[in-house]
$ cat my_file_11.cif   # mmCIF, C-alpha atoms
data_data
#
loop_
_atom_site.label_atom_id
_atom_site.label_comp_id
_atom_site.auth_asym_id
_atom_site.auth_seq_id
_atom_site.Cartn_x
_atom_site.Cartn_y
_atom_site.Cartn_z
CA MET A 1 -8.90 42.76 -49.98
CA ALA A 2 -10.09 44.81 -47.02
CA LEU A 3 -12.22 41.85 -45.94
CA ARG A 4 -9.16 39.58 -45.92
CA GLU A 5 -7.14 42.08 -43.89
CA ALA A 6 -9.94 42.35 -41.36
CA HIS A 7 -10.08 38.53 -41.13
CA LEU A 8 -6.29 38.32 -40.56
CA GLU A 9 -6.50 41.02 -37.90
CA ARG A 10 -9.30 39.11 -36.13
CA GLU A 11 -7.18 35.92 -36.19
CA ALA A 12 -4.19 37.78 -34.76
CA GLN A 13 -6.39 39.19 -32.01
CA THR A 14 -7.73 35.73 -31.21
CA ARG A 15 -4.18 34.39 -30.98
CA ARG A 16 -3.11 37.21 -28.68
CA ALA A 17 -6.16 36.75 -26.49
CA THR A 18 -5.62 32.97 -26.25
CA LYS A 19 -1.96 33.44 -25.40
CA GLN A 20 -2.84 35.99 -22.73
CA ARG A 21 -5.49 33.66 -21.28
CA ARG A 22 -3.00 30.80 -21.14
CA LEU A 23 -0.39 32.94 -19.45
CA LEU A 24 -2.95 34.07 -16.90
CA SER A 25 -4.04 30.45 -16.30
CA LEU A 26 -0.43 29.35 -15.85
CA GLY A 27 0.16 32.22 -13.46
CA GLY A 28 -2.93 31.16 -11.52
CA VAL A 29 -1.70 27.57 -11.41
CA LEU A 30 1.71 28.61 -10.09
CA ALA A 31 0.14 30.84 -7.45
CA ALA A 32 -2.16 27.99 -6.36
CA VAL A 33 0.80 25.59 -6.24
CA ILE A 34 2.82 27.96 -4.05
CA ALA A 35 -0.15 28.52 -1.71
CA VAL A 36 -0.96 24.80 -1.31
CA VAL A 37 2.67 23.79 -0.81
CA ALA A 38 3.24 26.58 1.74
CA LEU A 39 0.14 25.44 3.64
CA ALA A 40 1.15 21.76 3.55
CA VAL A 41 4.71 22.51 4.67
CA GLY A 42 3.38 24.80 7.39
CA ILE A 43 1.06 22.10 8.71
CA SER A 44 3.71 19.40 8.45
CA SER A 45 6.47 21.31 10.22
CA GLY A 46 4.38 23.36 12.58
CA GLY A 47 2.17 20.60 13.92
CA VAL A 48 3.66 20.85 17.36
CA SER A 49 1.39 22.63 19.78
CA ALA A 50 2.64 24.87 22.55
CA THR A 51 4.09 22.47 25.09
CA ALA A 52 7.21 22.13 27.19
CA ALA A 53 9.00 21.02 23.99
CA SER A 54 8.38 24.38 22.37
CA GLY A 55 9.45 26.34 25.44
CA SER A 56 5.93 26.87 26.77
CA ARG A 57 4.70 25.59 30.09
CA LEU A 58 4.15 21.88 30.71
CA SER A 59 0.95 20.41 29.26
CA GLY A 60 -1.27 17.83 30.90
CA ALA A 61 0.48 17.49 34.27
CA ALA A 62 -2.73 17.47 36.31
CA PHE A 63 -4.51 15.14 33.88
CA SER A 64 -1.61 12.71 33.87
CA ALA A 65 -1.25 12.74 37.66
CA ARG A 66 -4.97 11.91 38.02
CA LEU A 67 -4.80 9.18 35.39
CA PHE A 68 -2.18 7.14 37.24
CA SER A 69 -3.02 8.14 40.79
CA GLY A 70 -3.41 5.13 43.07
CA ILE A 71 -2.51 2.55 40.42
CA PRO A 72 0.45 0.33 41.38
CA GLN A 73 3.59 0.52 39.25
CA HIS A 74 6.43 -2.01 39.33
CA GLY A 75 9.31 -0.95 37.11
CA THR A 76 7.91 -0.83 33.61
CA VAL A 77 4.58 -2.42 34.54
CA LEU A 78 1.42 -0.48 35.32
CA GLY A 79 -1.37 -2.20 37.23
CA ARG A 80 -1.87 -5.30 39.28
CA PRO A 81 0.94 -7.77 38.45
CA HIS A 82 -1.53 -10.68 38.42
CA ALA A 83 -4.20 -8.92 36.37
CA PRO A 84 -5.73 -11.52 34.00
CA VAL A 85 -4.64 -9.73 30.81
CA ARG A 86 -1.33 -8.10 30.00
CA LEU A 87 -0.55 -5.73 27.18
CA VAL A 88 3.04 -4.94 26.21
CA GLU A 89 3.75 -1.78 24.22
CA PHE A 90 6.98 -1.20 22.29
CA ALA A 91 7.43 2.51 21.73
CA ASP A 92 9.88 5.29 21.09
CA LEU A 93 9.32 8.44 23.10
CA GLN A 94 9.72 10.56 19.94
CA CYS A 95 7.44 8.40 17.74
CA PRO A 96 4.32 10.43 16.77
CA TYR A 97 2.11 7.35 16.35
CA CYS A 98 3.07 6.25 19.89
CA ASP A 99 1.99 9.73 20.93
CA GLU A 100 -1.32 9.17 19.12
CA TYR A 101 -1.85 5.94 21.07
CA ALA A 102 -0.91 7.60 24.36
CA VAL A 103 -3.33 10.45 23.78
CA GLN A 104 -6.24 8.60 22.16
CA ALA A 105 -6.28 5.07 23.58
CA LEU A 106 -4.28 4.90 26.80
CA PRO A 107 -6.56 6.95 29.11
CA THR A 108 -9.54 4.67 28.33
CA LEU A 109 -7.50 1.51 28.84
CA VAL A 110 -6.10 2.76 32.15
CA ARG A 111 -9.51 3.89 33.41
CA ASP A 112 -11.55 0.86 32.29
CA TYR A 113 -9.10 -2.04 32.58
CA VAL A 114 -5.97 -1.18 34.57
CA ARG A 115 -7.67 0.68 37.39
CA THR A 116 -10.23 -2.12 37.69
CA GLY A 117 -7.46 -4.72 37.94
CA GLU A 118 -8.39 -6.53 34.76
CA ALA A 119 -5.27 -5.67 32.76
CA SER A 120 -1.68 -4.64 33.28
CA LEU A 121 0.40 -2.61 30.84
CA ARG A 122 4.13 -2.91 30.24
CA PHE A 123 6.21 -0.28 28.45
CA GLU A 124 9.26 -1.35 26.42
CA ASN A 125 11.29 1.68 25.42
CA LEU A 126 12.89 1.39 21.95
CA SER A 127 15.00 4.52 21.50
CA PHE A 128 15.84 4.24 17.82
CA ILE A 129 14.66 7.53 16.28
CA GLY A 130 17.60 9.61 17.43
CA PRO A 131 19.63 11.16 20.26
CA ASP A 132 16.54 12.80 21.81
CA SER A 133 14.98 9.33 22.13
CA VAL A 134 18.06 8.03 23.93
CA ALA A 135 18.27 11.02 26.29
CA ALA A 136 14.58 10.66 27.18
CA GLY A 137 14.84 6.85 27.30
CA ARG A 138 17.59 6.95 29.90
CA VAL A 139 15.48 9.19 32.13
CA ALA A 140 12.47 6.92 31.60
CA ALA A 141 14.61 3.97 32.73
CA ALA A 142 15.60 5.96 35.81
CA THR A 143 11.97 6.72 36.67
CA ALA A 144 11.16 3.00 36.33
CA ARG A 145 13.56 2.38 39.23
CA GLN A 146 11.28 4.54 41.38
CA ASP A 147 8.12 2.96 39.93
CA ARG A 148 7.12 6.23 38.25
CA LEU A 149 7.86 5.36 34.60
CA TRP A 150 4.26 5.67 33.40
CA ASN A 151 3.89 9.20 34.74
CA PHE A 152 7.06 10.33 33.03
CA VAL A 153 6.30 8.59 29.72
CA ASP A 154 2.79 10.06 29.62
CA LEU A 155 4.11 13.59 30.27
CA MET A 156 6.69 13.02 27.56
CA TYR A 157 3.96 12.20 25.02
CA LEU A 158 1.76 15.07 26.15
CA ASN A 159 4.72 17.38 25.58
CA GLN A 160 6.30 15.71 22.57
CA GLY A 161 8.35 17.94 20.29
CA GLU A 162 9.54 17.72 16.73
CA GLU A 163 11.75 14.71 16.14
CA ASN A 164 15.50 15.12 16.53
CA THR A 165 15.38 18.86 17.01
CA GLY A 166 17.29 18.63 20.27
CA TYR A 167 14.23 19.54 22.33
CA VAL A 168 15.02 16.92 24.99
CA THR A 169 17.25 19.25 26.97
CA ALA A 170 18.18 19.06 30.64
CA SER A 171 15.65 21.80 31.49
CA TYR A 172 12.87 20.07 29.48
CA LEU A 173 13.52 16.79 31.32
CA ARG A 174 13.69 18.58 34.64
CA GLN A 175 10.32 20.24 33.94
CA LEU A 176 8.75 16.83 33.28
CA LEU A 177 10.37 15.14 36.26
CA ASP A 178 9.25 17.95 38.58
CA ALA A 179 5.65 17.19 37.57
CA VAL A 180 5.84 13.46 38.44
CA PRO A 181 4.13 12.96 41.83
CA GLY A 182 6.31 11.39 44.51
CA LEU A 183 9.47 11.23 42.42
CA ASN A 184 12.91 11.91 43.85
CA VAL A 185 14.10 14.06 40.95
CA ALA A 186 17.76 14.26 42.00
CA ALA A 187 17.95 10.48 42.34
CA ALA A 188 16.25 10.02 38.95
CA LEU A 189 18.65 12.40 37.21
CA SER A 190 21.60 10.65 38.80
CA ALA A 191 20.27 7.20 37.83
CA SER A 192 19.72 8.34 34.24
CA GLN A 193 23.48 8.79 33.93
CA SER A 194 24.29 5.35 35.31
CA PRO A 195 25.14 2.28 33.21
CA SER A 196 21.92 0.66 34.42
CA ALA A 197 19.89 3.18 32.35
CA ASP A 198 21.78 2.14 29.21
CA ALA A 199 21.37 -1.50 30.17
CA ALA A 200 17.60 -1.05 30.41
CA LEU A 201 17.45 0.36 26.87
CA THR A 202 19.66 -2.42 25.53
CA GLN A 203 17.48 -4.99 27.25
CA ALA A 204 14.29 -3.52 25.71
CA ASN A 205 15.86 -3.57 22.24
CA ALA A 206 16.97 -7.17 22.71
CA TYR A 207 13.50 -8.19 23.86
CA ALA A 208 11.93 -6.48 20.83
CA ALA A 209 14.36 -8.20 18.48
CA GLY A 210 13.65 -11.52 20.17
CA VAL A 211 9.91 -11.28 19.56
CA GLY A 212 10.28 -9.87 16.04
CA VAL A 213 9.21 -6.30 16.79
CA ALA A 214 10.76 -3.77 14.42
CA ALA A 215 8.33 -0.84 14.34
CA THR A 216 6.72 1.41 16.92
CA PRO A 217 4.20 1.34 18.34
CA SER A 218 3.92 -2.45 18.43
CA PHE A 219 1.86 -4.46 20.86
CA LEU A 220 1.83 -7.93 22.40
CA ILE A 221 -1.19 -9.14 24.28
CA GLY A 222 -2.21 -12.27 26.14
CA ARG A 223 -3.49 -13.74 29.35
CA THR A 224 -1.10 -13.45 32.26
CA GLY A 225 0.98 -16.60 32.48
CA GLY A 226 0.10 -17.55 28.93
CA ARG A 227 1.67 -16.86 25.54
CA LEU A 228 1.67 -13.31 24.21
CA GLN A 229 0.55 -12.65 20.68
CA GLN A 230 1.07 -9.67 18.41
CA LEU A 231 -1.84 -7.26 18.35
CA GLN A 232 -2.13 -5.19 15.18
CA PRO A 233 -4.73 -2.52 15.93
CA SER A 234 -6.60 -1.10 12.96
CA THR A 235 -6.51 2.35 14.60
CA LEU A 236 -4.76 3.84 17.60
CA THR A 237 -8.06 4.54 19.30
CA PRO A 238 -9.41 2.52 22.27
CA ALA A 239 -11.73 0.30 20.14
CA PRO A 240 -9.31 -2.40 18.87
CA PHE A 241 -7.60 -2.67 22.27
CA VAL A 242 -10.90 -2.88 24.13
CA GLN A 243 -12.05 -5.60 21.74
CA ALA A 244 -8.85 -7.62 22.23
CA ILE A 245 -8.86 -7.28 26.02
CA ASP A 246 -12.56 -8.17 26.29
CA ALA A 247 -12.00 -11.27 24.15
CA LEU A 248 -9.17 -12.40 26.43
CA LEU A 249 -11.17 -11.67 29.59
CA LYS A 250 -14.00 -13.86 28.33
CA ARG A 251 -11.62 -16.79 27.80
CA ALA A 252 -11.24 -19.20 30.68
CA PRO A 253 -7.83 -18.95 32.42
CA MET B 1 7.00 13.45 -29.55
CA THR B 2 3.28 14.06 -29.97
CA ASP B 3 0.98 14.98 -27.10
CA THR B 4 -0.45 11.47 -27.20
CA GLY B 5 3.04 10.03 -26.80
CA LEU B 6 3.81 12.35 -23.88
CA ARG B 7 0.53 11.44 -22.23
CA ARG B 8 1.45 7.76 -22.54
CA VAL B 9 4.79 8.44 -20.83
CA CYS B 10 2.95 10.28 -18.03
CA GLY B 11 0.50 7.38 -17.77
CA GLY B 12 3.39 4.93 -17.34
CA LEU B 13 4.94 7.13 -14.66
CA CYS B 14 1.60 7.32 -12.84
CA VAL B 15 1.34 3.52 -12.85
CA ALA B 16 4.84 3.30 -11.34
CA GLY B 17 3.83 5.93 -8.77
CA VAL B 18 0.66 4.07 -7.86
CA GLY B 19 2.79 0.96 -7.29
CA ILE B 20 5.17 2.78 -4.94
CA ALA B 21 2.58 4.82 -3.02
CA GLY B 22 0.17 1.86 -2.99
CA TYR B 23 2.80 -0.36 -1.40
CA LEU B 24 3.65 2.23 1.27
CA THR B 25 -0.04 2.78 2.00
CA TYR B 26 -0.58 -0.97 2.31
CA VAL B 27 2.32 -1.51 4.74
CA HIS B 28 1.13 1.47 6.78
CA TYR B 29 -2.40 0.13 7.27
CA ALA B 30 -1.25 -3.50 7.59
CA GLY B 31 1.23 -2.50 10.31
CA LEU B 32 4.10 -4.10 8.39
CA GLN B 33 7.71 -3.03 8.03
CA PRO B 34 8.48 -1.88 4.47
CA ILE B 35 11.19 -3.73 2.57
CA CYS B 36 13.88 -1.09 2.42
CA GLY B 37 16.91 -2.47 0.63
CA VAL B 38 20.24 -0.89 1.50
CA SER B 39 18.99 2.34 3.06
CA HIS B 40 17.36 0.76 6.21
CA GLY B 41 15.55 4.01 6.94
CA CYS B 42 12.03 3.30 5.70
CA GLU B 43 10.68 2.29 9.10
CA THR B 44 12.15 5.36 10.78
CA VAL B 45 10.69 7.63 8.11
CA GLN B 46 7.33 5.86 8.12
CA THR B 47 6.95 6.26 11.88
CA SER B 48 8.10 9.88 11.89
CA ARG B 49 5.90 12.93 12.48
CA TYR B 50 6.29 13.80 8.79
CA ALA B 51 4.70 10.54 7.62
CA SER B 52 1.24 12.02 7.97
CA LEU B 53 -0.46 15.32 7.24
CA LEU B 54 -3.46 16.20 9.40
CA GLY B 55 -3.65 12.53 10.35
CA VAL B 56 -3.64 11.26 6.75
CA PRO B 57 -0.59 9.16 5.82
CA VAL B 58 1.45 10.96 3.13
CA ALA B 59 1.70 7.64 1.28
CA LEU B 60 -2.09 7.71 0.86
CA LEU B 61 -1.95 11.35 -0.29
CA GLY B 62 0.67 10.32 -2.86
CA LEU B 63 -1.49 7.43 -4.04
CA ILE B 64 -4.51 9.73 -4.48
CA SER B 65 -2.33 12.27 -6.33
CA TYR B 66 -1.08 9.67 -8.81
CA ILE B 67 -4.62 8.48 -9.48
CA VAL B 68 -5.95 12.04 -9.99
CA ILE B 69 -3.02 12.89 -12.31
CA PHE B 70 -3.72 9.73 -14.28
CA VAL B 71 -7.39 10.68 -14.61
CA SER B 72 -6.43 14.22 -15.74
CA LEU B 73 -4.42 12.66 -18.59
CA ARG B 74 -7.59 11.04 -19.92
CA LEU B 75 -9.44 14.36 -20.04
CA ARG B 76 -9.24 16.95 -22.82
CA GLY B 77 -8.92 20.70 -22.52
CA ASP B 78 -6.74 23.35 -20.94
CA GLY B 79 -8.43 22.91 -17.58
CA ALA B 80 -7.48 19.22 -17.20
CA LEU B 81 -3.92 19.85 -18.34
CA LEU B 82 -3.43 22.77 -15.96
CA ALA B 83 -5.07 20.95 -13.04
CA GLY B 84 -2.84 17.90 -13.63
CA TYR B 85 0.20 20.13 -13.94
CA ALA B 86 -0.66 21.98 -10.72
CA LEU B 87 -1.06 18.70 -8.83
CA VAL B 88 2.25 17.38 -10.19
CA LEU B 89 4.04 20.55 -9.06
CA ILE B 90 2.43 20.43 -5.61
CA ALA B 91 3.36 16.76 -5.21
CA LEU B 92 6.91 17.37 -6.41
CA ALA B 93 7.43 20.35 -4.11
CA PHE B 94 6.04 18.46 -1.10
CA SER B 95 8.17 15.38 -1.97
CA LEU B 96 11.27 17.57 -2.08
CA TYR B 97 10.32 19.04 1.31
CA LEU B 98 9.90 15.52 2.75
CA THR B 99 13.25 14.45 1.28
CA TYR B 100 14.82 17.48 2.96
CA ARG B 101 13.23 16.38 6.25
CA GLU B 102 14.55 12.83 5.76
CA VAL B 103 18.09 14.05 5.27
CA PHE B 104 18.27 16.92 7.76
CA THR B 105 15.69 16.15 10.46
CA ILE B 106 14.94 12.44 10.58
CA HIS B 107 18.43 11.41 9.46
CA ALA B 108 17.07 8.39 7.60
CA ILE B 109 16.37 7.77 3.94
CA CYS B 110 13.34 5.87 2.71
CA SER B 111 14.20 4.53 -0.75
CA TRP B 112 10.50 4.21 -1.65
CA CYS B 113 9.87 7.88 -0.82
CA VAL B 114 12.89 8.97 -2.84
CA SER B 115 11.69 6.84 -5.76
CA SER B 116 8.31 8.55 -5.59
CA ALA B 117 9.99 11.99 -5.58
CA ILE B 118 11.91 10.97 -8.71
CA VAL B 119 8.67 9.83 -10.40
CA PHE B 120 7.07 13.21 -9.57
CA ALA B 121 10.14 15.01 -10.96
CA LEU B 122 9.89 13.04 -14.21
CA LEU B 123 6.15 13.71 -14.37
CA ALA B 124 6.78 17.43 -13.91
CA SER B 125 9.33 17.40 -16.75
CA VAL B 126 7.02 15.58 -19.17
CA GLU B 127 4.01 17.71 -18.23
CA THR B 128 6.11 20.86 -18.82
CA LEU B 129 6.95 19.52 -22.29
CA ARG B 130 3.24 18.99 -22.95
CA LEU B 131 2.42 22.53 -21.88
CA ARG B 132 5.18 23.95 -24.10
CA GLN B 133 4.01 21.93 -27.09
CA ILE B 134 0.42 23.05 -26.68
CA GLY B 135 1.54 26.65 -26.12
CA ARG B 136 3.38 26.60 -29.43
CA ALA B 137 0.47 25.08 -31.32
CA ASP B 138 -1.91 27.28 -33.27
CA PRO B 139 -4.87 28.07 -31.00
CA ALA B 140 -7.22 27.29 -33.83
CA THR B 141 -5.86 23.75 -34.21
CA SER B 142 -4.80 22.98 -30.64
CA HIS B 143 -6.97 20.39 -28.87
CA ALA B 144 -6.39 22.28 -25.67
CA THR B 145 -8.77 24.98 -26.73
CA ALA B 146 -11.46 22.52 -27.63
#
$ encode --input "my_file_11.cif" --output "structure tokens"
Amino acid sequence: MALREAHLEREAQTRRATKQRRLLSLGGVLAAVIAVVALAVGISSGGVSATAASGSRLSGAAFSARLFSGIPQHGTVLGRPHAPVRLVEFADLQCPYCDEYAVQALPTLVRDYVRTGEASLRFENLSFIGPDSVAAGRVAAATARQDRLWNFVDLMYLNQGEENTGYVTASYLRQLLDAVPGLNVAAALSASQSPSADAALTQANAYAAGVGVAATPSFLIGRTGGRLQQLQPSTLTPAPFVQAIDALLKRAP
Amino acid sequence: MTDTGLRRVCGGLCVAGVGIAGYLTYVHYAGLQPICGVSHGCETVQTSRYASLLGVPVALLGLISYIVIFVSLRLRGDGALLAGYALVLIALAFSLYLTYREVFTIHAICSWCVSSAIVFALLASVETLRLRQIGRADPATSHATA
């Protein structure tokens, strides 16, 4: 009898211990879940570094000025107009992948192909993400009228904020424009409010629709004077662009 | 329903999830525009800052999550069940956060992403049922203690 009671007591103890272990495990799981989710959300929403968009000082002004210094600009085109290869980029100024391209690939392409006169780049501004894209797009169109679009666009990417948070304010734009070498800021601000700025955005959208571009960044590439073809880079690093440009340069005109 | 039955339901949900996340991963790397139906927001969401985490597309993270959850269903023991459950809860919480961003920040809805969030919610419900069933079972007979 006593043996049976001892056995039952042992079973009850085992049950209690198992239940306690499970509760502890579940508690551990929930704590781990909260920690991982908090980290992921923190990374996702806080990925913006300290730039003009977050109220800090402007990033990359000197780098950007050096990058484009001495390279001819004509409206939305960077480089020699008759360079053998031309690359057209369709981008939204708020698009983070366009930012990735601008940061990772563009400096190499400008240094190795545009500056040497082998390629020209054209920027088509698709402002579809939200009001901040339109506000920035209008100013970009205004800078194109002074042949300074590439400086402004680059500064915009180097100081990109969180999408549709209203970071494209008048003071943010002013800060960027002030850093564009040789730009008449007052004239640019005035032009950004003119119907021609809207017309430029409409025209870019129409061009994109005409060539079947629906996502950003998208690219067209070809020999100058010839037909442009869609380029779908495997990464937004210089490699796929370098490969495509080199292949076109090797082809006879 | 038995634990085997619940695991089958989870398995089916994982297959659906792999289909959704796999498609979004494919269109991301192929540079294509996702078919979006009536919502028309997939492209906007897919090109947003929130479409990647530390440079990894969230669609790929979702795909990996579904595969790992599926694998956890094939394994026995408390550890596998708890690990699967933890991953489902993480994925669900992050999906809800992304849906919040779609509605309040990006102002566009990606129907594929919402579908994936629903699949994670269903997975969380079924996995909770599994945990409750195993919790009620006698520790001596429960497979989870094996």
$ residues_near_point --input "my_file_11.cif" --point "(-4.1, -7.8, 32.5)" --cutoff "9 Å" --atoms "all atoms listed in the file" --output "list in words"
Gly79, Arg80, Pro81, His82, Ala83, Pro84, Val85, Arg86, Leu87, Tyr113, Val114, Gly117, Glu118, Ala119, Ser120, Leu121, Ile221, Gly222, Arg223, Thr224, Ile245 and Leu249 of chain A
$ closest_residue --input "my_file_11.cif" --among "A:Thr202, A:Ser190, A:Thr108, A:Ser133" --to "chain B" --atoms "all atoms listed in the file"
A:Ser133
$ resolve_selection --input "my_file_11.cif" --expression "the PyMOL selection byres ((chain A) within 10 of (chain B))" --output "MDAnalysis selection string"
chainID A and resid 11 14:19 22:23 25:26 28:38 40:41 43:45 47:48 92 94:100 128:130 161:165 213:218 231:235
$ residues_near_point --input "my_file_11.cif" --point "(7.3, 10.1, 30.3)" --cutoff "10 Å" --atoms "only C-alpha atoms" --output "ChimeraX atom specification"
/A:64,93,136-137,139-141,143,148-160,173,176-177,180
$ closest_residue --input "my_file_11.cif" --among "B:Val103, B:Leu129, B:Leu60, B:Cys113" --to "Arg7 in chain B" --atoms "only C-alpha atoms"
B:Leu129
$ atom_distance --input "my_file_11.cif" --atom1 "CA of Pro240 in chain A" --atom2 "CA of Ile64 in chain B"
26.7 Å
